[in-house]
$ cat start-v2.cif   # mmCIF, C-alpha atoms and all ligand atoms
data_coords
#
loop_
_atom_site.label_atom_id
_atom_site.label_comp_id
_atom_site.auth_asym_id
_atom_site.auth_seq_id
_atom_site.Cartn_x
_atom_site.Cartn_y
_atom_site.Cartn_z
CA MET A 1 1.21 -26.12 31.26
CA ALA A 2 -0.56 -23.08 32.74
CA GLY A 3 -2.64 -20.58 30.80
CA GLY A 4 -3.22 -22.65 27.67
CA PHE A 5 0.48 -22.71 26.77
CA ARG A 6 2.19 -25.67 25.07
CA GLU A 7 5.85 -26.41 24.66
CA PHE A 8 7.38 -26.16 21.18
CA ARG A 9 10.88 -26.84 19.90
CA VAL A 10 12.59 -24.34 17.61
CA ALA A 11 12.98 -26.50 14.52
CA ASN A 12 14.54 -23.86 12.30
CA LYS A 13 15.70 -20.25 12.31
CA VAL A 14 15.97 -18.56 8.92
CA VAL A 15 17.28 -15.08 8.19
CA GLU A 16 14.80 -13.52 5.75
CA SER A 17 16.28 -10.02 5.47
CA GLU A 18 18.68 -7.72 7.31
CA ILE A 19 16.07 -7.17 10.02
CA ILE A 20 13.56 -10.05 9.79
CA THR A 21 14.18 -13.65 10.84
CA SER A 22 11.74 -16.57 10.75
CA PHE A 23 11.33 -19.15 13.52
CA TYR A 24 9.78 -22.57 12.97
CA PHE A 25 8.15 -24.22 15.98
CA GLU A 26 7.30 -27.93 16.29
CA PRO A 27 5.32 -29.39 19.22
CA THR A 28 7.62 -31.29 21.63
CA ASP A 29 4.89 -33.81 22.48
CA GLU A 30 4.42 -34.98 18.86
CA SER A 31 0.74 -33.94 19.01
CA PRO A 32 -0.62 -31.95 16.02
CA VAL A 33 0.06 -28.26 15.63
CA TRP A 34 -2.87 -25.97 16.33
CA GLU A 35 -5.46 -25.13 13.75
CA VAL A 36 -4.81 -21.57 12.65
CA LEU A 37 -6.94 -19.27 10.55
CA PRO A 38 -5.02 -17.36 7.86
CA GLY A 39 -4.01 -14.06 9.52
CA GLN A 40 -4.12 -15.13 13.17
CA TYR A 41 -1.25 -14.80 15.65
CA ILE A 42 0.34 -16.95 18.34
CA THR A 43 1.60 -15.76 21.72
CA LEU A 44 5.10 -16.54 23.01
CA ARG A 45 6.14 -16.44 26.63
CA VAL A 46 9.47 -14.64 26.97
CA PRO A 47 11.43 -16.24 29.84
CA GLY A 48 13.56 -14.51 32.44
CA SER A 49 11.07 -12.40 34.32
CA ALA A 50 8.88 -13.10 37.35
CA ASP A 51 5.88 -11.48 35.69
CA PRO A 52 4.87 -13.14 32.44
CA VAL A 53 6.18 -11.30 29.39
CA LEU A 54 4.03 -12.30 26.45
CA LYS A 55 4.63 -11.31 22.83
CA THR A 56 2.31 -11.92 19.90
CA TYR A 57 3.44 -12.78 16.37
CA SER A 58 1.33 -13.50 13.30
CA VAL A 59 1.73 -16.94 11.81
CA SER A 60 3.56 -16.35 8.52
CA CYS A 61 3.47 -19.82 6.95
CA ASP A 62 0.77 -21.68 5.09
CA PRO A 63 -2.05 -22.01 7.65
CA SER A 64 -2.61 -25.56 6.40
CA GLU A 65 0.94 -26.53 7.42
CA THR A 66 0.74 -29.51 9.76
CA ARG A 67 4.41 -29.90 10.84
CA HIS A 68 5.10 -26.51 12.38
CA HIS A 69 4.02 -22.95 13.02
CA ARG A 70 6.23 -20.22 11.65
CA ILE A 71 6.61 -16.59 12.70
CA SER A 72 8.74 -13.91 11.04
CA VAL A 73 10.04 -11.29 13.42
CA LYS A 74 11.57 -7.87 12.93
CA ARG A 75 14.42 -7.12 15.33
CA GLU A 76 13.41 -3.97 17.19
CA ALA A 77 16.77 -2.46 18.10
CA GLY A 78 16.77 0.36 20.64
CA LEU A 79 17.44 3.71 19.00
CA ASN A 80 19.27 6.67 20.55
CA GLY A 81 20.24 4.76 23.69
CA ALA A 82 16.81 3.18 24.25
CA PRO A 83 16.84 -0.48 25.31
CA ASP A 84 16.45 -3.14 22.64
CA GLY A 85 12.99 -4.65 22.17
CA VAL A 86 12.55 -7.40 24.77
CA GLY A 87 10.79 -10.07 22.73
CA SER A 88 12.18 -9.53 19.24
CA CYS A 89 15.81 -9.21 20.39
CA TRP A 90 15.45 -12.28 22.63
CA LEU A 91 14.26 -14.22 19.60
CA HIS A 92 16.92 -12.85 17.26
CA ASP A 93 19.88 -12.90 19.64
CA GLN A 94 19.25 -15.77 22.05
CA VAL A 95 16.78 -18.27 20.68
CA GLU A 96 18.49 -21.05 18.73
CA ILE A 97 17.45 -24.23 16.94
CA GLY A 98 16.67 -26.93 19.52
CA ASP A 99 15.51 -24.49 22.23
CA THR A 100 12.06 -24.97 23.71
CA ILE A 101 9.51 -22.19 23.98
CA GLU A 102 6.05 -21.85 25.52
CA ILE A 103 3.41 -20.82 23.03
CA ALA A 104 -0.33 -20.17 23.40
CA ALA A 105 -2.90 -21.10 20.77
CA PRO A 106 -3.69 -18.92 17.75
CA ARG A 107 -5.99 -16.01 18.36
CA GLY A 108 -7.21 -12.90 16.64
CA LYS A 109 -10.09 -11.67 14.54
CA PHE A 110 -7.95 -10.48 11.65
CA PHE A 111 -8.27 -13.44 9.33
CA LEU A 112 -9.28 -14.09 5.76
CA ASP A 113 -13.00 -14.28 5.09
CA GLU A 114 -12.96 -17.60 3.28
CA ALA A 115 -16.71 -17.65 2.72
CA SER A 116 -16.41 -14.68 0.38
CA THR A 117 -15.77 -14.95 -3.36
CA ARG A 118 -14.79 -11.30 -3.85
CA PRO A 119 -11.35 -10.28 -5.13
CA VAL A 120 -8.84 -9.59 -2.37
CA LEU A 121 -6.44 -6.71 -1.83
CA LEU A 122 -3.64 -7.51 0.64
CA LEU A 123 -1.87 -4.29 1.63
CA SER A 124 1.19 -4.52 3.85
CA GLY A 125 4.00 -2.28 5.02
CA GLY A 126 7.27 -3.57 6.52
CA VAL A 127 6.90 -6.59 8.78
CA GLY A 128 3.11 -6.22 8.44
CA LEU A 129 3.33 -8.64 5.54
CA THR A 130 3.39 -11.69 7.85
CA PRO A 131 -0.38 -12.28 8.18
CA MET A 132 -0.76 -11.44 4.48
CA VAL A 133 1.62 -14.23 3.49
CA SER A 134 -0.47 -16.70 5.49
CA MET A 135 -3.62 -15.40 3.76
CA LEU A 136 -1.87 -15.57 0.40
CA TYR A 137 -1.11 -19.26 0.83
CA ARG A 138 -4.76 -19.98 1.56
CA LEU A 139 -5.83 -17.85 -1.41
CA CYS A 140 -3.64 -19.98 -3.68
CA GLU A 141 -6.26 -22.69 -3.15
CA ALA A 142 -9.22 -20.37 -3.87
CA ASP A 143 -10.60 -19.08 -7.14
CA ARG A 144 -10.31 -15.38 -6.34
CA ASP A 145 -8.29 -12.54 -7.85
CA VAL A 146 -5.61 -11.38 -5.42
CA HIS A 147 -3.51 -8.22 -5.42
CA PHE A 148 -0.65 -8.50 -2.95
CA LEU A 149 0.81 -5.01 -2.53
CA HIS A 150 3.80 -4.65 -0.24
CA ALA A 151 5.68 -1.48 0.65
CA CYS A 152 9.07 -1.41 2.35
CA GLU A 153 12.31 0.52 2.39
CA ASN A 154 14.37 -1.55 -0.06
CA GLY A 155 15.49 -5.06 -0.94
CA GLN A 156 17.75 -5.34 2.11
CA VAL A 157 14.80 -5.36 4.48
CA HIS A 158 12.28 -7.06 2.19
CA ALA A 159 11.40 -10.46 3.70
CA LEU A 160 9.66 -13.46 2.10
CA ARG A 161 9.90 -11.93 -1.38
CA ASP A 162 10.59 -15.21 -3.20
CA GLU A 163 7.85 -17.01 -1.31
CA VAL A 164 5.31 -14.41 -2.30
CA LEU A 165 6.46 -14.47 -5.91
CA SER A 166 6.18 -18.26 -5.97
CA CYS A 167 2.41 -17.82 -5.48
CA ALA A 168 2.08 -15.49 -8.49
CA ASN A 169 -0.08 -16.61 -11.41
CA ASP A 170 -2.83 -15.22 -13.66
CA ARG A 171 -5.03 -14.59 -10.64
CA ILE A 172 -2.47 -13.64 -8.01
CA LYS A 173 -0.49 -10.46 -8.66
CA PRO A 174 2.23 -9.46 -6.18
CA ARG A 175 3.64 -5.90 -6.49
CA PHE A 176 6.41 -4.37 -4.43
CA VAL A 177 7.00 -0.68 -3.77
CA TYR A 178 10.38 0.40 -2.37
CA ARG A 179 10.75 3.81 -0.78
CA MET A 180 14.53 3.97 -1.13
CA PRO A 181 15.70 1.26 -3.54
CA THR A 182 19.43 0.55 -3.71
CA ALA A 183 21.48 0.31 -6.88
CA GLU A 184 21.34 -3.50 -6.50
CA ASP A 185 17.53 -3.39 -6.24
CA ARG A 186 17.42 -1.42 -9.49
CA ALA A 187 19.87 -3.69 -11.26
CA ALA A 188 17.96 -6.82 -10.21
CA LYS A 189 14.57 -5.16 -10.86
CA LEU A 190 13.33 -6.22 -7.44
CA PHE A 191 10.50 -3.69 -7.21
CA ASP A 192 7.58 -2.44 -9.29
CA ALA A 193 7.55 1.20 -8.22
CA GLN A 194 9.61 3.63 -6.16
CA GLY A 195 8.06 5.76 -3.43
CA VAL A 196 4.88 4.86 -1.60
CA ILE A 197 1.62 3.15 -2.49
CA ASP A 198 -0.51 6.04 -3.69
CA LYS A 199 -3.59 6.67 -5.80
CA THR A 200 -1.65 6.65 -9.07
CA PHE A 201 -0.01 3.34 -8.20
CA MET A 202 -3.34 1.78 -7.25
CA GLN A 203 -5.08 3.07 -10.36
CA THR A 204 -2.23 1.77 -12.53
CA HIS A 205 -1.85 -1.67 -10.98
CA VAL A 206 -5.17 -2.63 -9.41
CA PRO A 207 -8.18 -2.80 -11.73
CA ILE A 208 -11.41 -1.35 -10.38
CA GLY A 209 -13.19 -4.12 -8.51
CA ASP A 210 -15.42 -5.09 -5.67
CA TYR A 211 -12.52 -5.80 -3.30
CA GLU A 212 -12.15 -6.94 0.24
CA ALA A 213 -9.05 -5.25 1.60
CA TYR A 214 -6.76 -6.32 4.43
CA ILE A 215 -4.25 -3.81 5.84
CA CYS A 216 -1.31 -4.36 8.19
CA GLY A 217 1.82 -2.33 8.79
CA PRO A 218 3.11 0.67 10.70
CA THR A 219 0.30 2.93 11.92
CA PRO A 220 0.99 5.82 9.49
CA PHE A 221 0.99 3.33 6.61
CA MET A 222 -2.34 1.92 7.75
CA VAL A 223 -3.88 5.38 8.07
CA ALA A 224 -2.67 6.30 4.58
CA MET A 225 -3.95 3.05 3.07
CA TYR A 226 -7.30 3.35 4.79
CA GLN A 227 -7.74 6.89 3.53
CA LEU A 228 -6.64 5.85 0.05
CA LEU A 229 -9.16 3.00 -0.05
CA GLN A 230 -11.86 5.40 1.08
CA GLU A 231 -10.93 7.75 -1.75
CA LEU A 232 -11.11 4.85 -4.18
CA GLY A 233 -14.61 4.05 -2.97
CA VAL A 234 -13.91 0.78 -1.10
CA PRO A 235 -16.75 0.51 1.46
CA LYS A 236 -15.47 0.57 5.01
CA ASN A 237 -17.10 -2.76 5.87
CA ARG A 238 -14.81 -4.35 3.26
CA ILE A 239 -11.62 -3.18 4.98
CA ALA A 240 -10.07 -5.30 7.74
CA TYR A 241 -6.90 -4.36 9.58
CA GLU A 242 -4.47 -5.37 12.30
CA PHE A 243 -2.26 -3.15 14.43
CA PHE A 244 1.11 -4.62 15.35
CA GLY A 245 1.51 -2.39 18.36
CA LYS A 246 -0.37 -0.26 20.78
CA ALA A 247 -2.51 2.06 18.73
CA THR A 248 -2.31 4.89 21.21
CA SER A 249 -2.61 7.88 18.96
CA LEU A 250 -5.30 6.37 16.78
CA GLU A 251 -7.32 5.31 19.78
CA ALA A 252 -7.11 8.81 21.17
CA LEU A 253 -8.29 10.25 17.86
CA ALA A 254 -11.11 7.73 17.73
CA ALA A 255 -12.20 8.61 21.23
CA ARG A 256 -12.27 12.31 20.37
CA SER A 257 -14.17 11.55 17.21
CA ALA A 258 -16.67 9.31 19.05
CA SER A 259 -17.32 11.93 21.66
CA ALA A 260 -17.67 14.60 18.95
CA ARG A 261 -20.23 12.37 17.23
CA SER A 262 -22.24 11.80 20.35
CA ASN A 263 -22.33 15.58 20.85
CA LYS A 264 -23.71 15.87 17.31
CA ALA A 265 -20.61 17.89 16.46
CA ALA A 266 -19.02 15.41 14.07
CA SER A 267 -19.37 17.76 11.15
CA ARG A 268 -16.96 20.14 12.88
CA ALA A 269 -14.34 17.42 13.45
CA ALA A 270 -11.43 17.32 11.02
CA PRO A 271 -12.11 14.86 8.18
CA THR A 272 -9.01 12.84 9.14
CA ILE A 273 -10.37 12.36 12.66
CA GLN A 274 -13.77 11.32 11.35
CA ALA A 275 -12.12 8.80 9.06
CA LEU A 276 -10.10 7.33 11.91
CA THR A 277 -13.20 6.34 13.85
CA PHE A 278 -13.63 3.29 11.70
CA LEU A 279 -9.97 2.49 11.61
CA THR A 280 -9.81 2.10 15.35
CA ASN A 281 -13.03 0.18 15.77
CA PRO A 282 -12.13 -3.45 16.51
CA ASP A 283 -15.51 -4.63 15.25
CA ALA A 284 -15.06 -2.81 11.98
CA TRP A 285 -14.98 -5.89 9.78
CA ALA A 286 -18.52 -6.81 10.67
CA ALA A 287 -19.77 -3.27 11.07
CA ASP A 288 -22.20 -1.56 8.77
CA GLU A 289 -22.93 2.14 8.74
CA GLY A 290 -25.23 1.93 11.74
CA ALA A 291 -23.28 -0.58 13.77
CA ALA A 292 -21.57 1.95 16.02
CA THR A 293 -24.86 2.85 17.66
CA THR A 294 -26.49 -0.58 17.53
CA PRO A 295 -26.28 -2.56 20.78
CA LYS A 296 -24.48 -5.91 20.42
CA PRO A 297 -26.78 -8.96 20.58
CA ASP A 298 -25.13 -10.15 23.80
CA THR A 299 -25.09 -6.72 25.39
CA PRO A 300 -25.81 -7.12 29.11
CA SER A 301 -28.54 -5.03 30.67
CA ALA A 302 -27.72 -1.35 31.03
CA GLY A 303 -26.35 -0.16 34.33
CA ASP A 304 -24.25 2.51 35.97
CA ILE A 305 -20.53 2.00 35.61
CA VAL A 306 -18.50 3.78 38.25
CA PHE A 307 -14.81 4.53 37.75
CA GLN A 308 -14.24 5.07 41.44
CA ALA A 309 -10.72 6.49 41.59
CA SER A 310 -11.55 8.99 38.84
CA ASN A 311 -14.89 9.90 40.37
CA VAL A 312 -16.62 9.31 37.03
CA THR A 313 -19.96 7.55 36.55
CA THR A 314 -21.30 6.63 33.15
CA THR A 315 -23.91 4.30 31.70
CA TRP A 316 -23.38 1.13 29.73
CA ASP A 317 -25.71 1.46 26.74
CA GLY A 318 -24.04 -1.10 24.48
CA SER A 319 -22.38 1.41 22.15
CA ALA A 320 -18.89 0.70 23.52
CA THR A 321 -17.27 -2.61 22.67
CA SER A 322 -15.63 -3.08 26.08
CA LEU A 323 -15.29 -1.51 29.51
CA LEU A 324 -11.94 -0.12 28.34
CA GLU A 325 -13.61 1.66 25.43
CA LEU A 326 -16.35 2.91 27.75
CA ALA A 327 -13.70 4.39 30.05
CA GLU A 328 -11.95 6.03 27.10
CA ASN A 329 -15.24 7.42 25.82
CA ALA A 330 -15.77 8.90 29.29
CA GLY A 331 -12.47 10.77 28.94
CA LEU A 332 -10.33 8.42 31.05
CA ASN A 333 -6.97 7.07 29.97
CA PRO A 334 -6.57 3.58 31.44
CA GLU A 335 -3.49 1.44 30.74
CA PHE A 336 -3.73 -0.98 27.84
CA SER A 337 -1.57 -2.61 25.23
CA CYS A 338 -2.93 -5.59 23.29
CA ARG A 339 -6.68 -4.90 23.72
CA ALA A 340 -7.14 -8.65 23.27
CA GLY A 341 -6.94 -10.26 26.71
CA ILE A 342 -3.29 -11.26 26.39
CA CYS A 343 -0.97 -8.83 28.13
CA ASN A 344 -2.94 -7.99 31.32
CA SER A 345 -1.94 -4.31 31.08
CA CYS A 346 -5.56 -3.26 31.45
CA LYS A 347 -6.05 -5.27 34.66
CA CYS A 348 -7.83 -3.32 37.40
CA GLY A 349 -9.73 -3.95 40.62
CA LEU A 350 -13.41 -4.90 40.52
CA VAL A 351 -14.91 -3.21 43.57
CA SER A 352 -18.41 -4.55 42.95
CA GLY A 353 -20.55 -6.08 40.22
CA GLU A 354 -19.78 -8.70 37.60
CA VAL A 355 -18.28 -8.69 34.14
CA VAL A 356 -18.55 -11.11 31.24
CA TYR A 357 -15.58 -11.79 28.98
CA PHE A 358 -16.24 -11.69 25.24
CA GLU A 359 -12.59 -12.71 24.76
CA GLU A 360 -11.29 -15.20 27.33
CA PRO A 361 -8.15 -13.83 29.07
CA LEU A 362 -5.02 -15.79 28.21
CA ILE A 363 -3.96 -15.61 31.85
CA GLN A 364 -6.89 -15.31 34.25
CA PRO A 365 -6.58 -12.25 36.53
CA GLU A 366 -6.56 -12.90 40.29
CA ALA A 367 -9.82 -12.82 42.26
CA GLY A 368 -11.16 -9.27 42.49
CA GLN A 369 -9.30 -8.17 39.35
CA VAL A 370 -10.68 -7.86 35.81
CA LEU A 371 -9.34 -7.19 32.33
CA ILE A 372 -11.37 -4.34 30.93
CA CYS A 373 -10.24 -4.59 27.28
CA CYS A 374 -12.12 -7.83 26.70
CA SER A 375 -15.06 -7.61 29.09
CA ARG A 376 -18.46 -6.03 29.36
CA PRO A 377 -20.48 -5.37 32.51
CA LYS A 378 -23.22 -7.68 33.74
CA GLY A 379 -25.30 -4.94 35.31
CA PRO A 380 -23.91 -2.14 37.47
CA VAL A 381 -20.17 -2.30 38.08
CA VAL A 382 -17.67 -0.33 40.19
CA LEU A 383 -14.03 -0.37 39.06
CA ASP A 384 -11.07 1.06 40.95
CA ILE A 385 -9.86 3.14 38.01
C1 LIG U 1 -1.51 -9.06 16.59
C2 LIG U 1 -0.04 -8.76 16.49
C3 LIG U 1 0.72 -9.47 15.59
C4 LIG U 1 2.09 -9.18 15.47
N1 LIG U 1 2.83 -9.86 14.56
C5 LIG U 1 4.13 -9.55 14.40
C6 LIG U 1 4.92 -10.22 13.41
O1 LIG U 1 4.43 -11.08 12.67
N2 LIG U 1 6.23 -9.89 13.32
C7 LIG U 1 6.81 -8.93 14.13
O2 LIG U 1 8.01 -8.67 13.99
N3 LIG U 1 6.06 -8.27 15.06
C8 LIG U 1 4.77 -8.58 15.23
N4 LIG U 1 4.03 -7.94 16.18
C9 LIG U 1 4.72 -7.01 17.09
C10 LIG U 1 5.27 -7.80 18.28
O3 LIG U 1 4.20 -8.33 19.04
C11 LIG U 1 6.10 -6.92 19.22
O4 LIG U 1 5.33 -5.81 19.59
C12 LIG U 1 7.40 -6.48 18.60
O5 LIG U 1 8.20 -7.60 18.30
C13 LIG U 1 8.16 -5.56 19.55
O6 LIG U 1 8.27 -6.20 20.78
P1 LIG U 1 9.63 -6.19 21.61
O7 LIG U 1 9.39 -6.92 22.87
O8 LIG U 1 10.77 -6.62 20.75
O9 LIG U 1 9.84 -4.67 21.87
P2 LIG U 1 9.46 -3.87 23.21
O10 LIG U 1 10.32 -4.26 24.32
O11 LIG U 1 8.00 -3.95 23.37
O12 LIG U 1 9.89 -2.43 22.73
C14 LIG U 1 9.28 -1.85 21.59
C15 LIG U 1 10.17 -0.73 21.05
O13 LIG U 1 10.31 0.29 22.03
C16 LIG U 1 11.69 0.60 22.22
N5 LIG U 1 11.88 0.97 23.63
C17 LIG U 1 11.89 0.13 24.70
N6 LIG U 1 12.08 0.85 25.83
C18 LIG U 1 12.19 2.14 25.46
C19 LIG U 1 12.42 3.36 26.14
N7 LIG U 1 12.54 3.39 27.47
N8 LIG U 1 12.49 4.50 25.42
C20 LIG U 1 12.35 4.49 24.08
N9 LIG U 1 12.15 3.38 23.37
C21 LIG U 1 12.06 2.22 24.05
C22 LIG U 1 12.44 -0.65 21.84
O14 LIG U 1 13.75 -0.36 21.42
C23 LIG U 1 11.59 -1.19 20.70
O15 LIG U 1 11.98 -0.60 19.48
C24 LIG U 1 2.69 -8.21 16.30
C25 LIG U 1 1.89 -7.52 17.22
C26 LIG U 1 0.56 -7.79 17.31
C27 LIG U 1 -0.27 -7.01 18.30
S1 LIG U 2 -4.84 -4.58 27.08
FE1 LIG U 2 -3.83 -6.50 27.02
S2 LIG U 2 -5.10 -7.75 28.28
FE2 LIG U 2 -6.18 -5.91 28.16
#
$ encode --input "start-v2.cif" --output "structure tokens" --more "lines below"
Ligand SMILES: Cc1cc2nc3c(=O)[nH]c(=O)nc-3n(C[C@H](O)[C@H](O)[C@H](O)COP(=O)(O)OP(=O)(O)OC[C@H]3O[C@@H](n4cnc5c(N)ncnc54)[C@H](O)[C@@H]3O)c2cc1C
Ligand code: FES
Amino acid sequence: MAGGFREFRVANKVVESEIITSFYFEPTDESPVWEVLPGQYITLRVPGSADPVLKTYSVSCDPSETRHHRISVKREAGLNGAPDGVGSCWLHDQVEIGDTIEIAAPRGKFFLDEASTRPVLLLSGGVGLTPMVSMLYRLCEADRDVHFLHACENGQVHALRDEVLSCANDRIKPRFVYRMPTAEDRAAKLFDAQGVIDKTFMQTHVPIGDYEAYICGPTPFMVAMYQLLQELGVPKNRIAYEFFGKATSLEALAARSASARSNKAASRAAPTIQALTFLTNPDAWAADEGAATTPKPDTPSAGDIVFQASNVTTTWDGSATSLLELAENAGLNPEFSCRAGICNSCKCGLVSGEVVYFEEPLIQPEAGQVLICCSRPKGPVVLDI
């Protein structure tokens, strides 16, 4: 099967909440499921279109599970006349037990650091709990303190609650915060606090500790959690995160912040913009304070990078993580979506020069085309952007 895809059978479909349903996938060829790191995602090919439509979903089951992979998907209904979400509504409305689906192997850099012995803070909002549940299962086998904090609207949309609670013990403490609990939620005492996860909640429920934090959820939730962790003194190299969508606004803020920094004007940038620089840096997990200006070990030799259609020339000095980021830092606004070599939205023409992929594209672009989100130049390069 092309592009590293394998065929899987839908072995089960389980409604987890009013808006989230889980899908269990078993290989059709009886070979083992893929190895998956806790927090990684798989990519599904949505049928029915000439161009490949690929959608990524975090694995939400125990990563050690050998019979199946599971994803848990929020149905993204179109609001105010907008069309329904292509992938999520296909899964919810059309995919049934027994159907076969093409799936590509687990990917992603947002996964539990299993070499660490530090306590762990798993912070999720809405459907962002899926990678956290996978991490939680793995942490059940470790000897680390775990605080699983989940924020959502109310019990009607809260998925995988019982599963998370089944992991609770002296070391593992799940807490749920509902923004708008219903009368039933109150009667059944389904939540620990009403409102949002804030400083008071954290100081009440999470003892001071040398945590590693993982954040996933809607972008405003992630920004708020990141800022909260900063306030609480969690070092930024101990915060990992995953966006579930295109991080357009955050990327734009990061680009403005980066350019302000390089102009030595960072002190004039709004504190929120300065803080967002880290949040949008895909290498943040490994980064230390100086990492943003330190060339990567495999940085190719410097060279002029020409964005021909925009009439912009800049230099690759190793401070950008990819050609896409270099273009953004130069003030351009190229198309992108996944920033991970999956969706091909960032594909553009390579007029001259060579690139090297630090993340192998899921579907190789045609000759003369390159994906700029996951590549770096090998010397001077001209792109038709
Ligand atoms: C690493 C990663 C992991 C992820 N893991 C999960 C997961 O575990 N669970 C999960 O549920 N999701 C997850 N996602 C999100 C998932 O990949 C999809 O982005 C999500 O399901 C929405 O895709 P869709 O095709 O349903 O919606 P799309 O078709 O992409 O549409 C998105 C939204 O835009 C609206 N829309 C479409 N067209 C218009 C228009 N013209 N005007 C206005 N609005 C419009 C739709 O109604 C919908 O609400 C993950 C994403 C990433 C990047
Ligand atoms: S943005 Fe998706 S492949 Fe580059």
$ residues_near_ligand --input "start-v2.cif" --ligand "ligand LIG 2 (chain U)" --cutoff "9 Å" --atoms "all atoms listed in the file" --output "JSON, numbers by chain"
{"A": [246, 324, 335, 336, 337, 338, 339, 340, 341, 342, 343, 344, 345, 346, 347, 361, 362, 363, 371, 372, 373, 374]}
$ closest_atom_pairs --input "start-v2.cif" --of "chain A" --to "ligand LIG 1 (chain U)" --cutoff "8 Å" --atoms "all atoms listed in the file" --output "CSV"
residue,atom,partner,partner_atom,distance
A:Ile20,CA,U:LIG1,O2,7.1
A:Gln40,CA,U:LIG1,C1,7.4
A:Tyr41,CA,U:LIG1,C3,5.7
A:Ile42,CA,U:LIG1,C3,8.0
A:Lys55,CA,U:LIG1,O3,4.8
A:Thr56,CA,U:LIG1,O3,4.1
A:Tyr57,CA,U:LIG1,N1,3.5
A:Ser58,CA,U:LIG1,O1,4.0
A:Val59,CA,U:LIG1,O1,6.5
A:Ser60,CA,U:LIG1,O1,6.8
A:Ile71,CA,U:LIG1,O1,5.9
A:Ser72,CA,U:LIG1,N2,5.3
A:Val73,CA,U:LIG1,O2,3.4
A:Lys74,CA,U:LIG1,O2,3.8
A:Arg75,CA,U:LIG1,O8,6.6
A:Glu76,CA,U:LIG1,O15,4.3
A:Ala77,CA,U:LIG1,O14,5.0
A:Gly78,CA,U:LIG1,O14,3.2
A:Leu79,CA,U:LIG1,O14,6.0
A:Gly81,CA,U:LIG1,C20,7.9
A:Ala82,CA,U:LIG1,C20,4.7
A:Pro83,CA,U:LIG1,O14,5.0
A:Asp84,CA,U:LIG1,O14,4.1
A:Gly85,CA,U:LIG1,O9,3.2
A:Val86,CA,U:LIG1,O7,3.7
A:Gly87,CA,U:LIG1,O7,3.4
A:Ser88,CA,U:LIG1,O8,3.6
A:Cys89,CA,U:LIG1,O8,5.7
A:Trp90,CA,U:LIG1,O8,7.6
A:Gly108,CA,U:LIG1,C1,6.9
A:Val127,CA,U:LIG1,N2,5.7
A:Gly128,CA,U:LIG1,O1,6.6
A:Leu129,CA,U:LIG1,O1,7.6
A:Thr130,CA,U:LIG1,O1,5.0
A:Pro131,CA,U:LIG1,O1,6.7
A:Glu242,CA,U:LIG1,C1,6.4
A:Phe243,CA,U:LIG1,C27,5.8
A:Phe244,CA,U:LIG1,C25,3.5
A:Gly245,CA,U:LIG1,C27,5.0
A:Lys246,CA,U:LIG1,C27,7.2
A:Cys338,CA,U:LIG1,C27,5.8
$ write_last_selection --input "start-v2.cif" --atoms "C-alpha atoms" --output "tab-separated table (two decimals), in the frame of the given file"
chain	number	residue	atom	x	y	z
A	20	ILE	CA	13.56	-10.05	9.79
A	40	GLN	CA	-4.12	-15.13	13.17
A	41	TYR	CA	-1.25	-14.80	15.65
A	42	ILE	CA	0.34	-16.95	18.34
A	55	LYS	CA	4.63	-11.31	22.83
A	56	THR	CA	2.31	-11.92	19.90
A	57	TYR	CA	3.44	-12.78	16.37
A	58	SER	CA	1.33	-13.50	13.30
A	59	VAL	CA	1.73	-16.94	11.81
A	60	SER	CA	3.56	-16.35	8.52
A	71	ILE	CA	6.61	-16.59	12.70
A	72	SER	CA	8.74	-13.91	11.04
A	73	VAL	CA	10.04	-11.29	13.42
A	74	LYS	CA	11.57	-7.87	12.93
A	75	ARG	CA	14.42	-7.12	15.33
A	76	GLU	CA	13.41	-3.97	17.19
A	77	ALA	CA	16.77	-2.46	18.10
A	78	GLY	CA	16.77	0.36	20.64
A	79	LEU	CA	17.44	3.71	19.00
A	81	GLY	CA	20.24	4.76	23.69
A	82	ALA	CA	16.81	3.18	24.25
A	83	PRO	CA	16.84	-0.48	25.31
A	84	ASP	CA	16.45	-3.14	22.64
A	85	GLY	CA	12.99	-4.65	22.17
A	86	VAL	CA	12.55	-7.40	24.77
A	87	GLY	CA	10.79	-10.07	22.73
A	88	SER	CA	12.18	-9.53	19.24
A	89	CYS	CA	15.81	-9.21	20.39
A	90	TRP	CA	15.45	-12.28	22.63
A	108	GLY	CA	-7.21	-12.90	16.64
A	127	VAL	CA	6.90	-6.59	8.78
A	128	GLY	CA	3.11	-6.22	8.44
A	129	LEU	CA	3.33	-8.64	5.54
A	130	THR	CA	3.39	-11.69	7.85
A	131	PRO	CA	-0.38	-12.28	8.18
A	242	GLU	CA	-4.47	-5.37	12.30
A	243	PHE	CA	-2.26	-3.15	14.43
A	244	PHE	CA	1.11	-4.62	15.35
A	245	GLY	CA	1.51	-2.39	18.36
A	246	LYS	CA	-0.37	-0.26	20.78
A	338	CYS	CA	-2.93	-5.59	23.29
$ residues_near_point --input "start-v2.cif" --point "(-15.5, -11.1, 32.8)" --cutoff "7 Å" --atoms "only C-alpha atoms" --output "ChimeraX atom specification"
/A:354-357,370,375-376
$ write_last_selection --input "start-v2.cif" --atoms "C-alpha atoms" --output "mmCIF file, keeping the file's coordinate frame"
data_model
loop_
_atom_site.group_PDB
_atom_site.id
_atom_site.type_symbol
_atom_site.label_atom_id
_atom_site.label_comp_id
_atom_site.auth_asym_id
_atom_site.auth_seq_id
_atom_site.Cartn_x
_atom_site.Cartn_y
_atom_site.Cartn_z
ATOM 1 C CA GLU A 354 -19.780 -8.700 37.600
ATOM 2 C CA VAL A 355 -18.280 -8.690 34.140
ATOM 3 C CA VAL A 356 -18.550 -11.110 31.240
ATOM 4 C CA TYR A 357 -15.580 -11.790 28.980
ATOM 5 C CA VAL A 370 -10.680 -7.860 35.810
ATOM 6 C CA SER A 375 -15.060 -7.610 29.090
ATOM 7 C CA ARG A 376 -18.460 -6.030 29.360
#
